[in-house]
Every structure is written in structure tokens, then in C-alpha cells.
>>> print(open('protein-v3.tsv').read())   # TSV, C-alpha atoms and all ligand atoms
chain	number	residue	atom	x	y	z
A	191	MET	CA	19.99	-5.06	-11.49
A	192	MET	CA	20.07	-2.84	-8.40
A	193	PRO	CA	17.45	-3.88	-5.84
A	194	ARG	CA	14.29	-1.81	-5.97
A	195	PHE	CA	11.45	-1.14	-3.59
A	196	ILE	CA	7.91	-1.58	-4.97
A	197	SER	CA	4.75	-0.81	-3.02
A	198	LEU	CA	1.20	-1.77	-3.84
A	199	GLU	CA	-1.77	0.39	-2.87
A	200	GLY	CA	-5.51	0.46	-3.32
A	201	SER	CA	-8.69	0.62	-1.32
A	202	GLU	CA	-10.89	-2.31	-0.33
A	203	GLY	CA	-11.44	-4.98	-2.97
A	204	ALA	CA	-9.00	-3.40	-5.42
A	205	GLY	CA	-7.41	-6.82	-6.03
A	206	LYS	CA	-4.10	-6.51	-4.19
A	207	SER	CA	-3.83	-10.24	-3.46
A	208	SER	CA	-3.95	-11.14	-7.12
A	209	ALA	CA	-1.67	-8.19	-7.99
A	210	ILE	CA	0.99	-9.54	-5.62
A	211	GLU	CA	0.99	-12.83	-7.54
A	212	THR	CA	1.44	-10.96	-10.83
A	213	ILE	CA	4.32	-8.89	-9.44
A	214	GLN	CA	5.93	-12.10	-8.14
A	215	SER	CA	5.68	-13.78	-11.52
A	216	VAL	CA	7.29	-10.75	-13.23
A	217	LEU	CA	10.15	-10.69	-10.69
A	218	ASN	CA	10.61	-14.45	-11.14
A	219	SER	CA	10.92	-13.94	-14.88
A	220	TRP	CA	13.59	-11.30	-14.23
A	221	LYS	CA	15.38	-13.76	-11.91
A	222	VAL	CA	15.88	-11.19	-9.15
A	223	PRO	CA	15.82	-12.07	-5.43
A	224	TYR	CA	12.96	-10.45	-3.56
A	225	VAL	CA	10.92	-10.38	-0.35
A	226	ILE	CA	7.17	-9.89	-0.20
A	227	THR	CA	5.94	-8.07	2.87
A	228	ARG	CA	2.95	-6.03	4.04
A	229	GLU	CA	1.71	-3.16	6.15
A	230	PRO	CA	0.57	-2.82	8.77
A	231	GLY	CA	2.81	-5.74	9.77
A	232	GLY	CA	5.61	-7.47	7.93
A	233	GLU	CA	7.68	-7.99	11.09
A	234	PRO	CA	6.79	-9.81	14.36
A	235	GLN	CA	6.28	-6.70	16.54
A	236	ALA	CA	4.52	-4.89	13.70
A	237	GLU	CA	2.20	-7.89	13.22
A	238	LYS	CA	1.17	-7.58	16.90
A	239	ILE	CA	0.35	-3.92	16.25
A	240	ARG	CA	-1.61	-4.96	13.13
A	241	ASP	CA	-3.79	-7.17	15.30
A	242	ILE	CA	-4.62	-4.23	17.60
A	243	LEU	CA	-5.27	-1.98	14.58
A	244	LEU	CA	-7.64	-4.32	12.79
A	245	HIS	CA	-9.38	-6.08	15.65
A	246	SER	CA	-9.90	-3.54	18.46
A	247	ASP	CA	-13.51	-2.48	19.05
A	248	HIS	CA	-12.63	1.20	18.86
A	249	LEU	CA	-9.47	3.26	18.45
A	250	ASP	CA	-9.11	7.03	18.51
A	251	ALA	CA	-7.90	8.35	15.12
A	252	LYS	CA	-4.64	9.63	16.63
A	253	THR	CA	-3.97	6.27	18.25
A	254	GLU	CA	-4.58	4.60	14.90
A	255	LEU	CA	-2.18	7.02	13.18
A	256	LEU	CA	0.60	6.52	15.72
A	257	LEU	CA	0.23	2.73	15.69
A	258	MET	CA	0.42	2.68	11.86
A	259	PHE	CA	3.69	4.62	12.00
A	260	ALA	CA	5.05	2.64	14.95
A	261	ALA	CA	4.48	-0.59	13.00
A	262	ARG	CA	6.01	1.04	9.90
A	263	ASN	CA	9.14	2.05	11.79
A	264	GLU	CA	9.77	-1.54	12.93
A	265	HIS	CA	9.10	-2.75	9.39
A	266	VAL	CA	11.44	-0.23	7.74
A	267	VAL	CA	14.27	-0.73	10.23
A	268	LYS	CA	14.11	-4.52	10.57
A	269	VAL	CA	12.86	-5.74	7.19
A	270	ILE	CA	12.90	-3.23	4.31
A	271	ARG	CA	16.30	-1.56	4.77
A	272	PRO	CA	18.16	-4.84	5.55
A	273	ALA	CA	16.59	-6.57	2.54
A	274	LEU	CA	17.55	-3.75	0.15
A	275	ALA	CA	21.05	-3.59	1.67
A	276	SER	CA	21.48	-7.32	1.07
A	277	GLY	CA	20.58	-6.92	-2.61
A	278	LYS	CA	16.95	-8.08	-2.46
A	279	TRP	CA	14.02	-6.33	-4.05
A	280	VAL	CA	11.17	-5.50	-1.67
A	281	VAL	CA	7.48	-5.66	-2.53
A	282	SER	CA	5.24	-4.25	0.17
A	283	ASP	CA	1.47	-4.72	0.16
A	284	ARG	CA	0.72	-1.13	1.30
A	285	PHE	CA	3.21	1.43	2.62
A	286	VAL	CA	3.25	5.10	3.62
A	287	ASP	CA	0.82	6.28	0.89
A	288	ALA	CA	-1.85	4.26	2.73
A	289	SER	CA	-1.43	6.54	5.76
A	290	PHE	CA	-1.91	9.63	3.57
A	291	ALA	CA	-5.05	8.01	2.14
A	292	TYR	CA	-6.66	6.42	5.23
A	293	GLN	CA	-5.42	8.62	8.09
A	294	GLY	CA	-5.06	11.80	5.97
A	295	GLY	CA	-8.07	11.46	3.65
A	296	GLY	CA	-10.28	9.13	5.68
A	297	ARG	CA	-9.62	10.40	9.22
A	298	GLN	CA	-8.76	13.98	8.17
A	299	ILE	CA	-5.46	14.10	10.07
A	300	ASP	CA	-3.42	17.20	9.22
A	301	LEU	CA	-1.00	16.57	6.35
A	302	THR	CA	1.89	18.30	8.11
A	303	ILE	CA	1.67	15.72	10.91
A	304	LEU	CA	1.75	12.89	8.36
A	305	GLN	CA	4.71	14.47	6.58
A	306	PHE	CA	6.58	14.77	9.87
A	307	LEU	CA	5.95	11.09	10.73
A	308	GLU	CA	6.92	10.08	7.19
A	309	ARG	CA	10.25	11.92	7.54
A	310	LEU	CA	10.81	10.40	10.99
A	311	THR	CA	10.16	6.76	10.07
A	312	VAL	CA	10.56	6.37	6.29
A	313	GLY	CA	13.15	9.03	5.50
A	314	GLN	CA	14.86	8.21	2.22
A	315	THR	CA	13.44	4.66	2.15
A	316	MET	CA	10.69	5.56	-0.30
A	317	PRO	CA	9.45	3.10	-2.93
A	318	ASP	CA	10.95	3.39	-6.41
A	319	LEU	CA	7.62	2.33	-7.88
A	320	THR	CA	4.12	2.37	-6.39
A	321	LEU	CA	1.31	0.54	-8.16
A	322	TYR	CA	-1.97	2.12	-7.13
A	323	LEU	CA	-5.01	-0.01	-7.99
A	324	ASP	CA	-7.81	2.48	-8.43
A	325	VAL	CA	-11.32	1.12	-7.90
A	326	LYS	CA	-14.65	2.86	-7.34
A	327	PRO	CA	-15.63	2.38	-3.68
A	328	GLU	CA	-18.99	0.73	-4.54
A	329	VAL	CA	-17.25	-1.81	-6.77
A	330	GLY	CA	-14.43	-2.58	-4.33
A	331	LEU	CA	-16.66	-2.83	-1.26
A	332	ALA	CA	-19.05	-5.21	-3.04
A	333	ARG	CA	-16.11	-7.47	-3.92
A	334	ALA	CA	-14.70	-7.32	-0.38
A	335	ALA	CA	-18.14	-8.02	1.16
A	336	ALA	CA	-18.56	-11.12	-0.97
A	337	ARG	CA	-15.21	-12.41	0.28
A	338	SER	CA	-15.04	-12.20	4.09
A	339	ASP	CA	-16.20	-10.61	7.35
A	340	LYS	CA	-15.33	-6.95	7.74
A	341	ASP	CA	-12.46	-5.77	9.94
A	342	ARG	CA	-12.70	-2.55	12.01
A	343	ILE	CA	-11.69	-0.21	9.17
A	344	GLU	CA	-13.84	-1.94	6.54
A	345	LYS	CA	-16.94	-1.18	8.65
A	346	GLU	CA	-16.69	2.55	7.80
A	347	GLN	CA	-19.29	4.33	5.61
A	348	LEU	CA	-19.06	4.97	1.86
A	349	ASP	CA	-17.99	8.64	2.34
A	350	PHE	CA	-14.89	7.44	4.18
A	351	PHE	CA	-13.85	5.30	1.19
A	352	TYR	CA	-14.47	8.18	-1.25
A	353	ALA	CA	-12.19	10.37	0.87
A	354	ILE	CA	-9.53	7.63	0.75
A	355	ARG	CA	-9.76	7.31	-3.01
A	356	ASN	CA	-9.52	11.10	-3.45
A	357	ALA	CA	-6.45	11.23	-1.22
A	358	TYR	CA	-4.78	8.41	-3.18
A	359	LEU	CA	-5.54	10.19	-6.47
A	360	GLU	CA	-4.16	13.46	-5.13
A	361	ARG	CA	-0.98	11.75	-3.95
A	362	ALA	CA	-0.64	10.05	-7.37
A	363	ASN	CA	-0.99	13.45	-9.09
A	364	GLN	CA	1.70	14.87	-6.84
A	365	ASN	CA	4.11	11.95	-7.49
A	366	PRO	CA	3.52	11.00	-11.13
A	367	HIS	CA	6.96	9.44	-11.64
A	368	ARG	CA	6.67	7.08	-8.67
A	369	ILE	CA	2.95	6.32	-8.38
A	370	LYS	CA	1.39	4.57	-11.38
A	371	LYS	CA	-2.40	4.41	-11.39
A	372	ILE	CA	-3.91	1.14	-12.60
A	373	ASN	CA	-7.62	0.92	-13.47
A	374	ALA	CA	-8.92	-1.85	-11.19
A	375	ASN	CA	-12.63	-1.54	-12.07
A	376	CYS	CA	-12.26	-4.05	-14.87
A	377	ALA	CA	-11.72	-7.83	-15.05
A	378	LEU	CA	-8.84	-9.29	-13.04
A	379	SER	CA	-7.07	-10.43	-16.22
A	380	GLU	CA	-7.01	-6.83	-17.52
A	381	VAL	CA	-5.78	-5.48	-14.17
A	382	ASN	CA	-2.98	-8.04	-14.11
A	383	GLU	CA	-1.97	-7.20	-17.69
A	384	SER	CA	-1.76	-3.48	-16.79
A	385	ILE	CA	0.46	-4.35	-13.83
A	386	ARG	CA	2.72	-6.45	-16.03
A	387	GLN	CA	3.05	-3.65	-18.60
A	388	THR	CA	3.73	-1.04	-15.92
A	389	MET	CA	6.49	-3.19	-14.47
A	390	VAL	CA	8.09	-3.66	-17.88
A	391	ARG	CA	8.03	0.12	-18.48
A	392	PHE	CA	9.56	0.60	-15.04
A	393	GLN	CA	12.37	-1.83	-15.88
A	394	GLU	CA	12.98	-0.08	-19.20
A	395	SER	CA	13.16	3.31	-17.48
A	396	MET	CA	15.74	1.90	-15.02
A	397	ASN	CA	17.87	0.50	-17.81
A	398	GLY	CA	17.53	3.52	-20.04
B	401	LIG	N1	-4.22	0.91	6.63
B	401	LIG	C1	-4.28	2.23	7.09
B	401	LIG	O1	-5.34	2.71	7.47
B	401	LIG	N2	-3.13	2.98	7.10
B	401	LIG	C2	-1.94	2.49	6.72
B	401	LIG	O2	-0.93	3.22	6.77
B	401	LIG	C3	-1.89	1.13	6.26
B	401	LIG	C4	-3.05	0.38	6.23
B	401	LIG	C5	-0.58	0.55	5.82
B	401	LIG	C6	-5.41	-3.45	6.40
B	401	LIG	O3	-4.81	-3.47	5.17
B	401	LIG	C7	-6.10	-2.14	6.64
B	401	LIG	O4	-5.16	-1.18	7.15
B	401	LIG	C8	-6.68	-1.52	5.39
B	401	LIG	C9	-5.96	-0.21	5.24
B	401	LIG	C10	-5.43	0.10	6.61
B	401	LIG	N3	-8.02	-1.16	5.58
B	401	LIG	N4	-8.97	-1.79	5.56
B	401	LIG	N5	-9.89	-2.33	5.64
B	401	LIG	P1	-4.87	-4.80	4.26
B	401	LIG	O5	-4.16	-4.43	3.02
B	401	LIG	O6	-4.36	-5.93	5.02
B	401	LIG	O7	-6.42	-5.07	4.08
B	401	LIG	P2	-7.33	-4.78	2.88
B	401	LIG	O8	-7.19	-3.52	2.15
B	401	LIG	O9	-8.64	-4.97	3.49
B	401	LIG	O10	-6.83	-5.87	1.85
B	401	LIG	P3	-7.69	-6.89	1.16
B	401	LIG	O11	-9.00	-7.09	1.82
B	401	LIG	O12	-6.84	-8.08	1.08
B	401	LIG	O13	-7.98	-6.16	-0.20
B	401	LIG	P4	-7.54	-6.51	-1.66
B	401	LIG	O14	-6.23	-7.21	-1.58
B	401	LIG	O15	-7.59	-5.33	-2.49
B	401	LIG	O16	-8.64	-7.48	-2.11
B	401	LIG	P5	-8.49	-8.90	-2.78
B	401	LIG	O17	-8.48	-9.98	-1.72
B	401	LIG	O18	-7.43	-8.95	-3.76
B	401	LIG	O19	-9.87	-8.93	-3.50
B	401	LIG	C11	-11.08	-8.96	-2.78
B	401	LIG	C12	-12.07	-9.85	-3.53
B	401	LIG	O20	-12.40	-9.23	-4.76
B	401	LIG	C13	-11.51	-11.22	-3.86
B	401	LIG	O21	-12.54	-12.16	-3.74
B	401	LIG	C14	-11.09	-11.08	-5.31
B	401	LIG	O22	-11.13	-12.28	-6.03
B	401	LIG	C15	-12.11	-10.09	-5.85
B	401	LIG	N6	-11.57	-9.26	-6.92
B	401	LIG	C16	-10.45	-8.50	-6.86
B	401	LIG	N7	-10.25	-7.87	-8.03
B	401	LIG	C17	-11.27	-8.23	-8.84
B	401	LIG	C18	-11.62	-7.90	-10.18
B	401	LIG	N8	-10.87	-7.07	-10.92
B	401	LIG	N9	-12.74	-8.45	-10.69
B	401	LIG	C19	-13.49	-9.28	-9.95
B	401	LIG	N10	-13.22	-9.63	-8.67
B	401	LIG	C20	-12.12	-9.12	-8.13
>>> encode(input="protein-v3.tsv", output="C-alpha cells", more="lines below")
Ligand code: Z5A
Amino acid sequence: MMPRFISLEGSEGAGKSSAIETIQSVLNSWKVPYVITREPGGEPQAEKIRDILLHSDHLDAKTELLLMFAARNEHVVKVIRPALASGKWVVSDRFVDASFAYQGGGRQIDLTILQFLERLTVGQTMPDLTLYLDVKPEVGLARAAARSDKDRIEKEQLDFFYAIRNAYLERANQNPHRIKKINANCALSEVNESIRQTMVRFQESMNG
């Protein structure tokens, strides 16, 4: 099978950690080589940028935007493209759709600026499949709060997370072949089963 690029998206508490394990188990059953990576981060320089992004006291929205794309550029150039070129599948916990959701929807950055930065850094290296775990902000934030201390972005108000969800849904509507919406408001076992089924359908569509 040709190597494919899969990204995973969702807002706080959507269940990405558990989804990654499900994706891994499906790829293991297909016996394909793969790398699991994440954004922001996934590469040593990009991980340093992640630390600034998540743990600074305050960042201007434009600084946040540029740092997200700076980290992404390192990640694409040094990890994603080489892995795909060497025949490995890539699974990224968040990718460029997160910028359209958080910086576009949440911070209200102009879409044309995001599209320009996407062309500049991502280019043709778009995911073949994006699993978007859709959760109501109240549900996701309650789960995230029960788990750990909040990082800088998680401290935002509820409106911010509604804007993020709306931006993700809009992006999913605009890219129905690539972005598959998974209902993540239900029990983890159901979410994981939906992921499994979506991956099988994806494999069938590749073969057919
Ligand atoms: N960001 C951005 O702004 N722009 C960008 O371009 C990119 C990112 C790439 C870091 O991302 C931050 O960067 C993130 C977006 C922003 N904003 N914030 N905050 P991250 O992915 O590293 O951080 P995160 O979104 O906060 O990930 P997370 O906290 O690991 O979320 P999660 O993976 O969705 O949550 P989880 O650990 O899987 O689940 C949370 C808890 O809920 C845990 O105890 C689970 O057991 C529980 N859970 C999950 N699903 C269920 C269900 N279905 N039922 C019951 N309990 C559940």
C-alpha cells in the first residue's frame, strides 16, 4: 500500500490520545510502517516552539499564528515529507486544520492569511484523511478539566471553543472527502469503533 498521511483533529477533551491508540492498532493490523507525530511539535526545534506556545504567560495572536506555522514548517520539511518519501505512513495529532480552527475561528485571523501560510509551508503535503473528533465544548472542557492543569490556550472562555468548533465544522463541510467527522460526545468505546470503521472505509476507497 502507498504510504498515506492521516491527521487527527478535535477540540479540548475530544479524546485524541485514545484515538491515536486506535489508529495505531488499525495500522498494526494492516502491517504498514508508520510514524506517529504531533503539532505543534513533532521535531526538536518545533518542540521548543511548542513550549513557548503553550507555556508563555501571554502571546499576541499574530505571534501565536506565526509560531504555529514556523513549527509546522520544520515538522513538514524534517519529519512528514521524509517519512512519506521513505514509504512510511504518517499520523499527526493535529495539523493545519487546527490553525484554521484555533487561529482562524478562535482568534479571528483573516482566512486569506491562513491560506497563504498554508500554501507556503504545507503546499501539496496535505493529509489524505483527517479524522475530526467533534465534541460539544462543555463536554470536552469538563473532561479536560478533570484530567490536568490548563495550558495557556485551554484557559480561554467558552465562546472561544464554540468558535473553534464552528470553524472545524465549516472546514469539514468544505472538504468532505478528506475530513471525516466522528461524534465524540459518546462513550470512548463508541468513538473508537467509529474511528476503526472510518479507517476501513478509507482503505476500501484507496483500493477501489
Ligand atoms: N493549536 C493551535 O492553536 N493551532 C494549531 O495549528 C495547532 C494547535 C496544531 C496543543 O495541542 C494546543 O495547540 C491545543 C490546540 C493548539 N490547544 N489547546 N489547549 P494538543 O493537541 O497538544 O493539546 P490538547 O488539545 O489540549 O490535547 P489533549 O489535552 O491531549 O486533548 P485530547 O487528546 O482530546 O484529550 P484526551 O487526553 O484524549 O482526553 C481528555 C480526557 O477526557 C481524558 O481523561 C480522557 O480519558 C477523557 N475522555 C476522552 N474521551 C472521552 C469519552 N468519549 N468519554 C469519556 N471520557 C473521555
>>> closest_residue(input="protein-v3.tsv", among="A:Glu380, A:Asp283, A:Glu199, A:Glu346", to="A:Pro230", atoms="all atoms listed in the file")
A:Asp283
>>> closest_residue(input="protein-v3.tsv", among="A:Gln305, A:Asn375, A:Ser219, A:Gln364", to="A:Leu323", atoms="only C-alpha atoms")
A:Asn375
>>> residues_near_ligand(input="protein-v3.tsv", ligand="ligand LIG 401 (chain B)", cutoff="8 Å", atoms="all atoms listed in the file", output="ChimeraX atom specification")
/A:199-209,228-230,240,243-244,254-255,258-259,262,283-293,330,332-337,340-345,374-381
>>> residues_near_point(input="protein-v3.tsv", point="(4.9, -10.4, -5.6)", cutoff="10 Å", atoms="only C-alpha atoms", output="PyMOL selection string")
chain A and resi 196-198+206-218+224-227+280-283
>>> residues_near_point(input="protein-v3.tsv", point="(0.6, -1.7, -14.9)", cutoff="10 Å", atoms="all atoms listed in the file", output="number ranges by chain")
A: 209, 213, 321-323, 370-373, 380-392
>>> atom_distance(input="protein-v3.tsv", atom1="atom CA of A:Ile369", atom2="atom CA of A:Gly398")
18.9 Å
>>> closest_residue(input="protein-v3.tsv", among="A:Asp241, A:Asp324, A:Glu233, A:Asp250", to="A:Ala357", atoms="all atoms listed in the file")
A:Asp324
>>> closest_residue(input="protein-v3.tsv", among="A:Met191, A:Ile299, A:Val222, A:Leu310", to="A:Ala251", atoms="all atoms listed in the file")
A:Ile299
>>> residues_around(input="protein-v3.tsv", residues="A:Asp318", least_positions_apart="4", cutoff="8 Å", atoms="only C-alpha atoms", output="PyMOL selection string")
chain A and resi 194-196+368
>>> atom_distance(input="protein-v3.tsv", atom1="atom CA of A:Asn263", atom2="atom CA of A:Thr320")
18.9 Å
>>> closest_residue(input="protein-v3.tsv", among="A:Gly296, A:Glu308, A:Ser338, A:Met396", to="A:Arg355", atoms="all atoms listed in the file")
A:Gly296
>>> closest_residue(input="protein-v3.tsv", among="A:Pro223, A:Gly313, A:Gly294, A:Pro193", to="A:Val267", atoms="all atoms listed in the file")
A:Gly313
>>> atom_distance(input="protein-v3.tsv", atom1="atom CA of A:Asp349", atom2="atom CA of A:Pro327")
9.0 Å
>>> axis_aligned_box(input="protein-v3.tsv", around="stretch 299-308 of chain A", padding_each_side="6 Å", output="AutoDock Vina command-line options")
--center_x 0.7 --center_y 14.2 --center_z 8.6 --size_x 24.4 --size_y 20.2 --size_z 16.6
>>> build_atoms(input="protein-v3.tsv", residues="stretch 317-338 of chain A", atoms="N, CA and C atoms", output="compact mmCIF listing (two decimals), in the coordinates of the input")
# COMPACT_ATOMS: atom_id res chain seq x y z
N PRO A 317 9.50 4.04 -1.79
CA PRO A 317 9.45 3.10 -2.93
C PRO A 317 9.97 3.75 -4.21
N ASP A 318 10.56 2.91 -5.08
CA ASP A 318 10.95 3.39 -6.41
C ASP A 318 9.75 3.39 -7.33
N LEU A 319 8.84 2.45 -7.07
CA LEU A 319 7.62 2.33 -7.88
C LEU A 319 6.45 1.99 -6.95
N THR A 320 5.34 2.69 -7.13
CA THR A 320 4.12 2.37 -6.39
C THR A 320 3.02 2.09 -7.40
N LEU A 321 2.43 0.89 -7.29
CA LEU A 321 1.31 0.54 -8.16
C LEU A 321 0.05 0.82 -7.36
N TYR A 322 -0.73 1.78 -7.83
CA TYR A 322 -1.97 2.12 -7.13
C TYR A 322 -3.16 1.57 -7.93
N LEU A 323 -3.84 0.59 -7.34
CA LEU A 323 -5.01 -0.01 -7.99
C LEU A 323 -6.23 0.85 -7.66
N ASP A 324 -6.72 1.54 -8.67
CA ASP A 324 -7.81 2.48 -8.43
C ASP A 324 -9.15 1.82 -8.74
N VAL A 325 -10.00 1.73 -7.71
CA VAL A 325 -11.32 1.12 -7.90
C VAL A 325 -12.38 2.03 -7.29
N LYS A 326 -13.56 2.08 -7.92
CA LYS A 326 -14.65 2.86 -7.34
C LYS A 326 -15.06 2.19 -6.03
N PRO A 327 -15.31 2.99 -4.97
CA PRO A 327 -15.63 2.38 -3.68
C PRO A 327 -16.79 1.37 -3.73
N GLU A 328 -17.84 1.67 -4.50
CA GLU A 328 -18.99 0.73 -4.54
C GLU A 328 -18.55 -0.63 -5.10
N VAL A 329 -17.71 -0.58 -6.12
CA VAL A 329 -17.25 -1.81 -6.77
C VAL A 329 -16.35 -2.60 -5.81
N GLY A 330 -15.39 -1.91 -5.22
CA GLY A 330 -14.43 -2.58 -4.33
C GLY A 330 -15.10 -3.14 -3.08
N LEU A 331 -16.01 -2.37 -2.50
CA LEU A 331 -16.66 -2.83 -1.26
C LEU A 331 -17.55 -4.04 -1.54
N ALA A 332 -18.20 -4.05 -2.70
CA ALA A 332 -19.05 -5.21 -3.04
C ALA A 332 -18.18 -6.46 -3.18
N ARG A 333 -17.01 -6.30 -3.80
CA ARG A 333 -16.11 -7.47 -3.92
C ARG A 333 -15.64 -7.93 -2.54
N ALA A 334 -15.23 -6.97 -1.71
CA ALA A 334 -14.70 -7.32 -0.38
C ALA A 334 -15.79 -7.98 0.46
N ALA A 335 -17.04 -7.48 0.36
CA ALA A 335 -18.14 -8.02 1.16
C ALA A 335 -18.42 -9.47 0.78
N ALA A 336 -18.27 -9.76 -0.51
CA ALA A 336 -18.56 -11.12 -0.97
C ALA A 336 -17.50 -12.10 -0.48
N ARG A 337 -16.34 -11.55 -0.07
CA ARG A 337 -15.21 -12.41 0.28
C ARG A 337 -15.15 -12.81 1.75
N SER A 338 -15.26 -11.84 2.68
CA SER A 338 -15.04 -12.20 4.09
C SER A 338 -15.72 -11.21 5.03
